[in-house]
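Have a look at data.json; it's JSON, N, CA and C atoms:
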[["chain", "number", "residue", "atom", "x", "y", "z"],
["G", 1, "GLU", "N", -46.05, 41.61, -2.13],
["G", 1, "GLU", "CA", -47.27, 40.98, -2.62],
["G", 1, "GLU", "C", -47.00, 40.37, -3.99],
["G", 2, "ASP", "N", -47.54, 39.17, -4.23],
["G", 2, "ASP", "CA", -47.36, 38.49, -5.51],
["G", 2, "ASP", "C", -48.06, 39.25, -6.62],
["G", 3, "LYS", "N", -47.41, 39.35, -7.78],
["G", 3, "LYS", "CA", -48.01, 40.01, -8.94],
["G", 3, "LYS", "C", -48.87, 39.05, -9.75],
["G", 4, "ILE", "N", -48.51, 37.78, -9.74],
["G", 4, "ILE", "CA", -49.27, 36.75, -10.46],
["G", 4, "ILE", "C", -49.47, 35.57, -9.51],
["G", 5, "THR", "N", -50.71, 35.09, -9.44],
["G", 5, "THR", "CA", -51.02, 33.94, -8.59],
["G", 5, "THR", "C", -51.72, 32.87, -9.42],
["G", 6, "LEU", "N", -51.63, 31.65, -8.95],
["G", 6, "LEU", "CA", -52.28, 30.52, -9.61],
["G", 6, "LEU", "C", -53.12, 29.80, -8.56],
["G", 7, "GLY", "N", -54.37, 29.53, -8.89],
["G", 7, "GLY", "CA", -55.26, 28.85, -7.95],
["G", 7, "GLY", "C", -56.18, 27.90, -8.67],
["G", 8, "GLY", "N", -56.76, 27.01, -7.92],
["G", 8, "GLY", "CA", -57.71, 26.07, -8.49],
["G", 8, "GLY", "C", -58.70, 25.63, -7.44],
["G", 9, "SER", "N", -59.79, 25.04, -7.90],
["G", 9, "SER", "CA", -60.79, 24.55, -6.97],
["G", 9, "SER", "C", -61.54, 23.38, -7.58],
["G", 10, "ILE", "N", -62.12, 22.59, -6.71],
["G", 10, "ILE", "CA", -63.03, 21.53, -7.12],
["G", 10, "ILE", "C", -64.16, 21.52, -6.10],
["G", 11, "GLN", "N", -65.36, 21.36, -6.60],
["G", 11, "GLN", "CA", -66.51, 21.31, -5.69],
["G", 11, "GLN", "C", -67.54, 20.35, -6.24],
["G", 12, "GLY", "N", -68.36, 19.84, -5.36],
["G", 12, "GLY", "CA", -69.46, 18.97, -5.74],
["G", 12, "GLY", "C", -70.77, 19.62, -5.37],
["G", 13, "ASN", "N", -71.72, 19.61, -6.30],
["G", 13, "ASN", "CA", -73.03, 20.22, -6.09],
["G", 13, "ASN", "C", -74.12, 19.20, -6.34],
["G", 14, "ALA", "N", -75.15, 19.22, -5.52],
["G", 14, "ALA", "CA", -76.34, 18.42, -5.78],
["G", 14, "ALA", "C", -77.18, 19.17, -6.80],
["G", 15, "ALA", "N", -77.61, 18.48, -7.86],
["G", 15, "ALA", "CA", -78.40, 19.11, -8.92],
["G", 15, "ALA", "C", -79.53, 18.17, -9.32],
["G", 16, "VAL", "N", -80.49, 18.72, -10.07],
["G", 16, "VAL", "CA", -81.63, 17.94, -10.55],
["G", 16, "VAL", "C", -81.75, 18.20, -12.05],
["G", 17, "ASP", "N", -81.85, 17.12, -12.86],
["G", 17, "ASP", "CA", -81.97, 17.29, -14.31],
["G", 17, "ASP", "C", -83.42, 17.58, -14.70],
["G", 18, "ASP", "N", -83.65, 17.78, -16.00],
["G", 18, "ASP", "CA", -84.98, 18.13, -16.51],
["G", 18, "ASP", "C", -86.02, 17.06, -16.21],
["G", 19, "GLY", "N", -85.59, 15.83, -16.03],
["G", 19, "GLY", "CA", -86.51, 14.74, -15.73],
["G", 19, "GLY", "C", -86.77, 14.55, -14.24],
["G", 20, "GLY", "N", -86.21, 15.42, -13.42],
["G", 20, "GLY", "CA", -86.41, 15.33, -11.97],
["G", 20, "GLY", "C", -85.45, 14.39, -11.27],
["G", 21, "GLN", "N", -84.44, 13.89, -11.97],
["G", 21, "GLN", "CA", -83.45, 12.97, -11.42],
["G", 21, "GLN", "C", -82.32, 13.74, -10.74],
["G", 22, "SER", "N", -82.00, 13.41, -9.49],
["G", 22, "SER", "CA", -80.87, 14.02, -8.80],
["G", 22, "SER", "C", -79.56, 13.47, -9.34],
["G", 23, "TYR", "N", -78.54, 14.33, -9.36],
["G", 23, "TYR", "CA", -77.21, 13.90, -9.77],
["G", 23, "TYR", "C", -76.16, 14.78, -9.12],
["G", 24, "LEU", "N", -74.91, 14.34, -9.19],
["G", 24, "LEU", "CA", -73.77, 15.09, -8.67],
["G", 24, "LEU", "C", -73.14, 15.87, -9.82],
["G", 25, "GLU", "N", -72.97, 17.17, -9.61],
["G", 25, "GLU", "CA", -72.28, 18.00, -10.60],
["G", 25, "GLU", "C", -70.95, 18.43, -10.00],
["G", 26, "LEU", "N", -69.86, 18.04, -10.65],
["G", 26, "LEU", "CA", -68.53, 18.49, -10.23],
["G", 26, "LEU", "C", -68.17, 19.75, -10.97],
["G", 27, "ALA", "N", -67.66, 20.73, -10.27],
["G", 27, "ALA", "CA", -67.18, 21.98, -10.86],
["G", 27, "ALA", "C", -65.70, 22.09, -10.54],
["G", 28, "GLN", "N", -64.90, 22.28, -11.58],
["G", 28, "GLN", "CA", -63.45, 22.39, -11.42],
["G", 28, "GLN", "C", -62.97, 23.64, -12.12],
["G", 29, "SER", "N", -62.00, 24.33, -11.51],
["G", 29, "SER", "CA", -61.48, 25.55, -12.13],
["G", 29, "SER", "C", -59.98, 25.69, -11.93],
["G", 30, "LEU", "N", -59.39, 26.44, -12.82],
["G", 30, "LEU", "CA", -57.99, 26.85, -12.74],
["G", 30, "LEU", "C", -57.96, 28.34, -13.05],
["G", 31, "THR", "N", -57.40, 29.14, -12.13],
["G", 31, "THR", "CA", -57.45, 30.60, -12.24],
["G", 31, "THR", "C", -56.05, 31.19, -12.12],
["G", 32, "VAL", "N", -55.78, 32.18, -12.96],
["G", 32, "VAL", "CA", -54.55, 32.98, -12.85],
["G", 32, "VAL", "C", -54.98, 34.39, -12.47],
["G", 33, "GLY", "N", -54.45, 34.89, -11.35],
["G", 33, "GLY", "CA", -54.76, 36.23, -10.87],
["G", 33, "GLY", "C", -53.60, 37.18, -11.12],
["G", 34, "TYR", "N", -53.92, 38.44, -11.39],
["G", 34, "TYR", "CA", -52.92, 39.45, -11.70],
["G", 34, "TYR", "C", -53.15, 40.67, -10.80],
["G", 35, "THR", "N", -52.13, 41.10, -10.07],
["G", 35, "THR", "CA", -52.20, 42.31, -9.26],
["G", 35, "THR", "C", -51.78, 43.48, -10.13],
["G", 36, "LEU", "N", -52.73, 44.39, -10.40],
["G", 36, "LEU", "CA", -52.43, 45.55, -11.25],
["G", 36, "LEU", "C", -52.01, 46.75, -10.40],
["G", 37, "THR", "N", -52.71, 46.98, -9.30],
["G", 37, "THR", "CA", -52.37, 47.99, -8.31],
["G", 37, "THR", "C", -52.73, 47.39, -6.95],
["G", 38, "PRO", "N", -52.42, 48.06, -5.84],
["G", 38, "PRO", "CA", -52.82, 47.48, -4.55],
["G", 38, "PRO", "C", -54.33, 47.23, -4.41],
["G", 39, "LYS", "N", -55.17, 47.97, -5.14],
["G", 39, "LYS", "CA", -56.62, 47.79, -5.05],
["G", 39, "LYS", "C", -57.24, 47.12, -6.27],
["G", 40, "LEU", "N", -56.60, 47.20, -7.42],
["G", 40, "LEU", "CA", -57.17, 46.69, -8.68],
["G", 40, "LEU", "C", -56.47, 45.41, -9.10],
["G", 41, "GLY", "N", -57.27, 44.41, -9.41],
["G", 41, "GLY", "CA", -56.74, 43.13, -9.88],
["G", 41, "GLY", "C", -57.49, 42.66, -11.11],
["G", 42, "ALA", "N", -56.97, 41.62, -11.71],
["G", 42, "ALA", "CA", -57.61, 41.00, -12.86],
["G", 42, "ALA", "C", -57.39, 39.49, -12.76],
["G", 43, "TYR", "N", -58.16, 38.74, -13.52],
["G", 43, "TYR", "CA", -57.98, 37.29, -13.52],
["G", 43, "TYR", "C", -58.48, 36.70, -14.83],
["G", 44, "THR", "N", -57.95, 35.53, -15.14],
["G", 44, "THR", "CA", -58.46, 34.69, -16.21],
["G", 44, "THR", "C", -58.69, 33.31, -15.61],
["G", 45, "GLU", "N", -59.65, 32.60, -16.18],
["G", 45, "GLU", "CA", -60.05, 31.32, -15.57],
["G", 45, "GLU", "C", -60.60, 30.39, -16.64],
["G", 46, "VAL", "N", -60.32, 29.13, -16.48],
["G", 46, "VAL", "CA", -60.96, 28.09, -17.27],
["G", 46, "VAL", "C", -61.64, 27.16, -16.27],
["G", 47, "TYR", "N", -62.89, 26.77, -16.58],
["G", 47, "TYR", "CA", -63.58, 25.88, -15.65],
["G", 47, "TYR", "C", -64.56, 24.98, -16.38],
["G", 48, "GLY", "N", -64.93, 23.92, -15.71],
["G", 48, "GLY", "CA", -65.87, 22.96, -16.27],
["G", 48, "GLY", "C", -66.91, 22.53, -15.27],
["G", 49, "LEU", "N", -68.08, 22.19, -15.78],
["G", 49, "LEU", "CA", -69.18, 21.63, -14.99],
["G", 49, "LEU", "C", -69.45, 20.25, -15.56],
["G", 50, "GLU", "N", -69.25, 19.23, -14.74],
["G", 50, "GLU", "CA", -69.35, 17.86, -15.22],
["G", 50, "GLU", "C", -70.40, 17.08, -14.42],
["G", 51, "PRO", "N", -71.50, 16.68, -15.09],
["G", 51, "PRO", "CA", -72.55, 15.94, -14.39],
["G", 51, "PRO", "C", -72.19, 14.47, -14.24],
["G", 52, "HIS", "N", -72.53, 13.89, -13.10],
["G", 52, "HIS", "CA", -72.33, 12.46, -12.85],
["G", 52, "HIS", "C", -73.63, 11.88, -12.32],
["G", 53, "GLY", "N", -74.23, 10.98, -13.07],
["G", 53, "GLY", "CA", -75.47, 10.34, -12.65],
["G", 53, "GLY", "C", -76.72, 10.97, -13.24],
["G", 54, "ALA", "N", -76.59, 11.98, -14.10],
["G", 54, "ALA", "CA", -77.76, 12.60, -14.73],
["G", 54, "ALA", "C", -78.28, 11.67, -15.83],
["G", 55, "THR", "N", -79.60, 11.60, -15.96],
["G", 55, "THR", "CA", -80.21, 10.73, -16.98],
["G", 55, "THR", "C", -80.83, 11.50, -18.13],
["G", 56, "ALA", "N", -81.14, 12.79, -17.95],
["G", 56, "ALA", "CA", -81.76, 13.57, -19.02],
["G", 56, "ALA", "C", -80.73, 13.86, -20.10],
["G", 57, "PRO", "N", -81.12, 13.77, -21.38],
["G", 57, "PRO", "CA", -80.16, 14.02, -22.46],
["G", 57, "PRO", "C", -79.71, 15.48, -22.54],
["G", 58, "SER", "N", -80.39, 16.39, -21.87],
["G", 58, "SER", "CA", -80.02, 17.80, -21.92],
["G", 58, "SER", "C", -78.86, 18.15, -20.98],
["G", 59, "VAL", "N", -78.43, 17.20, -20.15],
["G", 59, "VAL", "CA", -77.36, 17.47, -19.18],
["G", 59, "VAL", "C", -76.05, 16.89, -19.72],
["G", 60, "TRP", "N", -75.16, 17.77, -20.13],
["G", 60, "TRP", "CA", -73.86, 17.39, -20.69],
["G", 60, "TRP", "C", -72.78, 18.22, -20.03],
["G", 61, "PRO", "N", -71.53, 17.78, -20.10],
["G", 61, "PRO", "CA", -70.44, 18.61, -19.57],
["G", 61, "PRO", "C", -70.37, 19.96, -20.29],
["G", 62, "GLN", "N", -70.05, 20.99, -19.54],
["G", 62, "GLN", "CA", -69.90, 22.34, -20.07],
["G", 62, "GLN", "C", -68.54, 22.89, -19.67],
["G", 63, "TYR", "N", -67.86, 23.55, -20.61],
["G", 63, "TYR", "CA", -66.54, 24.12, -20.35],
["G", 63, "TYR", "C", -66.54, 25.59, -20.75],
["G", 64, "TYR", "N", -65.86, 26.42, -19.92],
["G", 64, "TYR", "CA", -65.88, 27.86, -20.10],
["G", 64, "TYR", "C", -64.51, 28.48, -19.93],
["G", 65, "PHE", "N", -64.33, 29.67, -20.52],
["G", 65, "PHE", "CA", -63.18, 30.54, -20.27],
["G", 65, "PHE", "C", -63.74, 31.91, -19.93],
["G", 66, "ASP", "N", -63.22, 32.52, -18.86],
["G", 66, "ASP", "CA", -63.69, 33.85, -18.50],
["G", 66, "ASP", "C", -62.55, 34.67, -17.91],
["G", 67, "GLY", "N", -62.82, 35.94, -17.76],
["G", 67, "GLY", "CA", -61.88, 36.86, -17.17],
["G", 67, "GLY", "C", -62.61, 38.04, -16.58],
["G", 68, "GLY", "N", -61.91, 38.78, -15.75],
["G", 68, "GLY", "CA", -62.57, 39.92, -15.14],
["G", 68, "GLY", "C", -61.61, 40.78, -14.35],
["G", 69, "PHE", "N", -62.21, 41.76, -13.69],
["G", 69, "PHE", "CA", -61.47, 42.70, -12.86],
["G", 69, "PHE", "C", -62.06, 42.71, -11.46],
["G", 70, "THR", "N", -61.22, 42.95, -10.48],
["G", 70, "THR", "CA", -61.65, 43.08, -9.08],
["G", 70, "THR", "C", -61.15, 44.42, -8.55],
["G", 71, "TYR", "N", -61.95, 45.00, -7.66],
["G", 71, "TYR", "CA", -61.55, 46.25, -7.01],
["G", 71, "TYR", "C", -61.82, 46.11, -5.52],
["G", 72, "LYS", "N", -60.78, 46.30, -4.70],
["G", 72, "LYS", "CA", -60.91, 46.21, -3.24],
["G", 72, "LYS", "C", -61.20, 47.59, -2.67],
["G", 73, "PHE", "N", -62.45, 47.77, -2.20],
["G", 73, "PHE", "CA", -62.79, 49.00, -1.51],
["G", 73, "PHE", "C", -62.09, 49.05, -0.15],
["G", 74, "THR", "N", -62.06, 47.91, 0.52],
["G", 74, "THR", "CA", -61.35, 47.74, 1.79],
["G", 74, "THR", "C", -60.71, 46.36, 1.73],
["G", 75, "PRO", "N", -59.87, 46.00, 2.70],
["G", 75, "PRO", "CA", -59.32, 44.64, 2.69],
["G", 75, "PRO", "C", -60.39, 43.55, 2.81],
["G", 76, "ASP", "N", -61.59, 43.91, 3.28],
["G", 76, "ASP", "CA", -62.65, 42.93, 3.50],
["G", 76, "ASP", "C", -63.85, 43.07, 2.57],
["G", 77, "PHE", "N", -63.81, 44.01, 1.61],
["G", 77, "PHE", "CA", -64.96, 44.25, 0.72],
["G", 77, "PHE", "C", -64.46, 44.47, -0.70],
["G", 78, "GLN", "N", -64.89, 43.61, -1.62],
["G", 78, "GLN", "CA", -64.39, 43.64, -3.00],
["G", 78, "GLN", "C", -65.54, 43.59, -4.00],
["G", 79, "TYR", "N", -65.41, 44.33, -5.08],
["G", 79, "TYR", "CA", -66.35, 44.34, -6.20],
["G", 79, "TYR", "C", -65.69, 43.65, -7.38],
["G", 80, "ASP", "N", -66.47, 42.94, -8.20],
["G", 80, "ASP", "CA", -65.89, 42.34, -9.40],
["G", 80, "ASP", "C", -66.85, 42.45, -10.57],
["G", 81, "ILE", "N", -66.26, 42.42, -11.77],
["G", 81, "ILE", "CA", -67.01, 42.39, -13.02],
["G", 81, "ILE", "C", -66.33, 41.35, -13.91],
["G", 82, "ARG", "N", -67.11, 40.55, -14.64],
["G", 82, "ARG", "CA", -66.55, 39.44, -15.39],
["G", 82, "ARG", "C", -67.34, 39.18, -16.66],
["G", 83, "GLY", "N", -66.69, 38.49, -17.58],
["G", 83, "GLY", "CA", -67.33, 38.04, -18.81],
["G", 83, "GLY", "C", -66.61, 36.80, -19.31],
["G", 84, "GLY", "N", -67.34, 35.96, -20.03],
["G", 84, "GLY", "CA", -66.71, 34.75, -20.52],
["G", 84, "GLY", "C", -67.45, 34.14, -21.69],
["G", 85, "VAL", "N", -66.87, 33.07, -22.21],
["G", 85, "VAL", "CA", -67.42, 32.37, -23.36],
["G", 85, "VAL", "C", -67.42, 30.87, -23.09],
["G", 86, "GLY", "N", -68.39, 30.18, -23.72],
["G", 86, "GLY", "CA", -68.43, 28.73, -23.66],
["G", 86, "GLY", "C", -67.42, 28.13, -24.61],
["G", 87, "LEU", "N", -66.83, 27.01, -24.22],
["G", 87, "LEU", "CA", -65.81, 26.36, -25.03],
["G", 87, "LEU", "C", -66.29, 25.10, -25.74],
["G", 88, "ASN", "N", -67.53, 24.68, -25.47],
["G", 88, "ASN", "CA", -68.07, 23.53, -26.20],
["G", 88, "ASN", "C", -69.54, 23.80, -26.52],
["G", 89, "LYS", "N", -70.14, 22.94, -27.31],
["G", 89, "LYS", "CA", -71.50, 23.20, -27.81],
["G", 89, "LYS", "C", -72.56, 23.10, -26.71],
["G", 90, "HIS", "N", -72.26, 22.50, -25.59],
["G", 90, "HIS", "CA", -73.23, 22.38, -24.50],
["G", 90, "HIS", "C", -73.18, 23.57, -23.55],
["G", 91, "ALA", "N", -72.15, 24.38, -23.63],
["G", 91, "ALA", "CA", -71.99, 25.56, -22.77],
["G", 91, "ALA", "C", -72.73, 26.75, -23.37],
["G", 92, "ASP", "N", -73.08, 27.71, -22.50],
["G", 92, "ASP", "CA", -73.65, 28.97, -22.99],
["G", 92, "ASP", "C", -72.62, 29.65, -23.89],
["G", 93, "ASP", "N", -73.08, 30.39, -24.91],
["G", 93, "ASP", "CA", -72.17, 31.06, -25.84],
["G", 93, "ASP", "C", -71.33, 32.13, -25.14],
["G", 94, "PHE", "N", -71.95, 32.94, -24.27],
["G", 94, "PHE", "CA", -71.23, 33.97, -23.55],
["G", 94, "PHE", "C", -72.02, 34.35, -22.30],
["G", 95, "PHE", "N", -71.36, 35.03, -21.38],
["G", 95, "PHE", "CA", -72.01, 35.52, -20.17],
["G", 95, "PHE", "C", -71.25, 36.72, -19.62],
["G", 96, "VAL", "N", -71.93, 37.53, -18.85],
["G", 96, "VAL", "CA", -71.32, 38.64, -18.13],
["G", 96, "VAL", "C", -71.93, 38.65, -16.73],
["G", 97, "GLY", "N", -71.24, 39.24, -15.79],
["G", 97, "GLY", "CA", -71.76, 39.31, -14.44],
["G", 97, "GLY", "C", -70.98, 40.29, -13.60],
["G", 98, "THR", "N", -71.51, 40.55, -12.43],
["G", 98, "THR", "CA", -70.88, 41.43, -11.48],
["G", 98, "THR", "C", -71.25, 40.96, -10.08],
["G", 99, "GLY", "N", -70.47, 41.34, -9.11],
["G", 99, "GLY", "CA", -70.79, 40.89, -7.75],
["G", 99, "GLY", "C", -69.92, 41.55, -6.71],
["G", 100, "PHE", "N", -70.24, 41.23, -5.46],
["G", 100, "PHE", "CA", -69.49, 41.73, -4.31],
["G", 100, "PHE", "C", -69.03, 40.53, -3.49],
["G", 101, "ALA", "N", -67.89, 40.66, -2.86],
["G", 101, "ALA", "CA", -67.40, 39.64, -1.92],
["G", 101, "ALA", "C", -67.10, 40.34, -0.60],
["G", 102, "VAL", "N", -67.53, 39.72, 0.48],
["G", 102, "VAL", "CA", -67.28, 40.26, 1.81],
["G", 102, "VAL", "C", -66.57, 39.19, 2.63],
["G", 103, "ARG", "N", -65.44, 39.53, 3.19],
["G", 103, "ARG", "CA", -64.71, 38.63, 4.07],
["G", 103, "ARG", "C", -65.06, 38.96, 5.51],
["G", 104, "TYR", "N", -65.43, 37.94, 6.27],
["G", 104, "TYR", "CA", -65.76, 38.16, 7.69],
["G", 104, "TYR", "C", -65.20, 37.07, 8.54]]

Can you present the structure in this file as structure tokens?
Amino acid sequence: EDKITLGGSIQGNAAVDDGGQSYLELAQSLTVGYTLTPKLGAYTEVYGLEPHGATAPSVWPQYYFDGGFTYKFTPDFQYDIRGGVGLNKHADDFFVGTGFAVRY
């Protein structure tokens, strides 16, 4: 099993700005994963949210850095905890979160 992995993603989301105008939001990420034990992992990630077609002045690109830990209860059920910081003035200052992932 790999001890360090590198991954990335790009996605497009339909969004609506404060003025009710629809726009395309692109989300892009680059992630480095670390295998600590067969069940425990960690990761660091940098990602951005970039609006295209938004007209409201409150919609600007946002960039973030975050990291977290994952724990595999089974090969198909995983728990994670994460925290991160905004990298520009339009991003949130910090965030934390937790979640579950189920593979089926």

Give me, as a short mmCIF file (atom, residue, chain, number, x, y, z; two decimals) with N, CA and C atoms, keeping the file's coordinate frame, all polymer residues having an atom no more than 8 Å from G:Gly33, counting all atoms listed in the file and skipping those fewer than 5 positions away in the same chain.
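New file part_33.cif:
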data_model
loop_
_atom_site.label_atom_id
_atom_site.label_comp_id
_atom_site.auth_asym_id
_atom_site.auth_seq_id
_atom_site.Cartn_x
_atom_site.Cartn_y
_atom_site.Cartn_z
N ASP G 2 -47.54 39.17 -4.23
CA ASP G 2 -47.36 38.49 -5.51
C ASP G 2 -48.06 39.25 -6.62
N LYS G 3 -47.41 39.35 -7.78
CA LYS G 3 -48.01 40.01 -8.94
C LYS G 3 -48.87 39.05 -9.75
N ILE G 4 -48.51 37.78 -9.74
CA ILE G 4 -49.27 36.75 -10.46
C ILE G 4 -49.47 35.57 -9.51
N THR G 5 -50.71 35.09 -9.44
CA THR G 5 -51.02 33.94 -8.59
C THR G 5 -51.72 32.87 -9.42
N LEU G 6 -51.63 31.65 -8.95
CA LEU G 6 -52.28 30.52 -9.61
C LEU G 6 -53.12 29.80 -8.56
N GLY G 7 -54.37 29.53 -8.89
CA GLY G 7 -55.26 28.85 -7.95
C GLY G 7 -56.18 27.90 -8.67
N GLY G 41 -57.27 44.41 -9.41
CA GLY G 41 -56.74 43.13 -9.88
C GLY G 41 -57.49 42.66 -11.11
N ALA G 42 -56.97 41.62 -11.71
CA ALA G 42 -57.61 41.00 -12.86
C ALA G 42 -57.39 39.49 -12.76
N TYR G 43 -58.16 38.74 -13.52
CA TYR G 43 -57.98 37.29 -13.52
C TYR G 43 -58.48 36.70 -14.83
N THR G 44 -57.95 35.53 -15.14
CA THR G 44 -58.46 34.69 -16.21
C THR G 44 -58.69 33.31 -15.61
N GLU G 45 -59.65 32.60 -16.18
CA GLU G 45 -60.05 31.32 -15.57
C GLU G 45 -60.60 30.39 -16.64
#

Using only C-alpha atoms, find each residue in stretch 37-87 of chain G having at least one atom no more than 7 Å away from stretch 19-27 of chain G; report its shortest atom-to-atom pair and that distance in Å (one decimal), rows by chain then rising number, as JSON lines.
{"residue": "G:Gly48", "atom": "CA", "partner": "G:Ala27", "partner_atom": "CA", "distance": 5.7}
{"residue": "G:Leu49", "atom": "CA", "partner": "G:Ala27", "partner_atom": "CA", "distance": 4.6}
{"residue": "G:Glu50", "atom": "CA", "partner": "G:Leu26", "partner_atom": "CA", "distance": 5.1}
{"residue": "G:Pro51", "atom": "CA", "partner": "G:Glu25", "partner_atom": "CA", "distance": 4.3}
{"residue": "G:His52", "atom": "CA", "partner": "G:Leu24", "partner_atom": "CA", "distance": 5.1}
{"residue": "G:Gly53", "atom": "CA", "partner": "G:Tyr23", "partner_atom": "CA", "distance": 4.9}
{"residue": "G:Ala54", "atom": "CA", "partner": "G:Tyr23", "partner_atom": "CA", "distance": 5.2}
{"residue": "G:Thr55", "atom": "CA", "partner": "G:Gln21", "partner_atom": "CA", "distance": 6.8}
{"residue": "G:Ala56", "atom": "CA", "partner": "G:Gly19", "partner_atom": "CA", "distance": 5.9}

Take the residues from that selection and write them out as an mmCIF file, in the frame of the given file, keeping N, CA and C atoms.
data_model
loop_
_atom_site.group_PDB
_atom_site.id
_atom_site.type_symbol
_atom_site.label_atom_id
_atom_site.label_comp_id
_atom_site.auth_asym_id
_atom_site.auth_seq_id
_atom_site.Cartn_x
_atom_site.Cartn_y
_atom_site.Cartn_z
ATOM 1 N N GLY G 48 -64.930 23.920 -15.710
ATOM 2 C CA GLY G 48 -65.870 22.960 -16.270
ATOM 3 C C GLY G 48 -66.910 22.530 -15.270
ATOM 4 N N LEU G 49 -68.080 22.190 -15.780
ATOM 5 C CA LEU G 49 -69.180 21.630 -14.990
ATOM 6 C C LEU G 49 -69.450 20.250 -15.560
ATOM 7 N N GLU G 50 -69.250 19.230 -14.740
ATOM 8 C CA GLU G 50 -69.350 17.860 -15.220
ATOM 9 C C GLU G 50 -70.400 17.080 -14.420
ATOM 10 N N PRO G 51 -71.500 16.680 -15.090
ATOM 11 C CA PRO G 51 -72.550 15.940 -14.390
ATOM 12 C C PRO G 51 -72.190 14.470 -14.240
ATOM 13 N N HIS G 52 -72.530 13.890 -13.100
ATOM 14 C CA HIS G 52 -72.330 12.460 -12.850
ATOM 15 C C HIS G 52 -73.630 11.880 -12.320
ATOM 16 N N GLY G 53 -74.230 10.980 -13.070
ATOM 17 C CA GLY G 53 -75.470 10.340 -12.650
ATOM 18 C C GLY G 53 -76.720 10.970 -13.240
ATOM 19 N N ALA G 54 -76.590 11.980 -14.100
ATOM 20 C CA ALA G 54 -77.760 12.600 -14.730
ATOM 21 C C ALA G 54 -78.280 11.670 -15.830
ATOM 22 N N THR G 55 -79.600 11.600 -15.960
ATOM 23 C CA THR G 55 -80.210 10.730 -16.980
ATOM 24 C C THR G 55 -80.830 11.500 -18.130
ATOM 25 N N ALA G 56 -81.140 12.790 -17.950
ATOM 26 C CA ALA G 56 -81.760 13.570 -19.020
ATOM 27 C C ALA G 56 -80.730 13.860 -20.100
#

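For the residues G:Tyr63, G:Tyr47, G:Tyr34, G:Phe69, ranking by smallest atom-to-atom distance to G:Leu87 using only C-alpha atoms places G:Tyr63 first.
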
Please compute the atom N of G:Asn88-atom CA of G:Thr31 distance, one decimal, in Å. 17.7 Å

Which of these, G:Val16, G:Val102, G:Ile81, G:Ala91, has the shortest distance to G:Leu40 once you count only C-alpha atoms? G:Ile81

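Distance annotation: of G:Pro61, G:Asn13, G:Tyr79, G:Tyr71, the residue with the minimal separation from G:Phe100 is G:Tyr79; atom set is all atoms listed in the file.
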
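Proximity to G:Asp76 was assessed for G:Tyr64, G:Val59, G:Asp93, G:Ala101 counting all atoms listed in the file; the smallest distance is recorded for G:Ala101.
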
Tell me, which residues of stretch 23-96 of chain G carry DSSP strand (DSSP E), written as a ChimeraX atom specification? /G:23-35,40-52,62-74,77-86,94-96

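The gap separating atom CA of G:Lys72 from atom CA of G:Lys39 is 4.9 Å, in Å to one decimal.
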
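Minimum atom-to-atom distance to G:Asp92, evaluated using all atoms listed in the file, belongs to G:Gln62 out of G:Gln78, G:Thr35, G:Asp17, G:Gln62.
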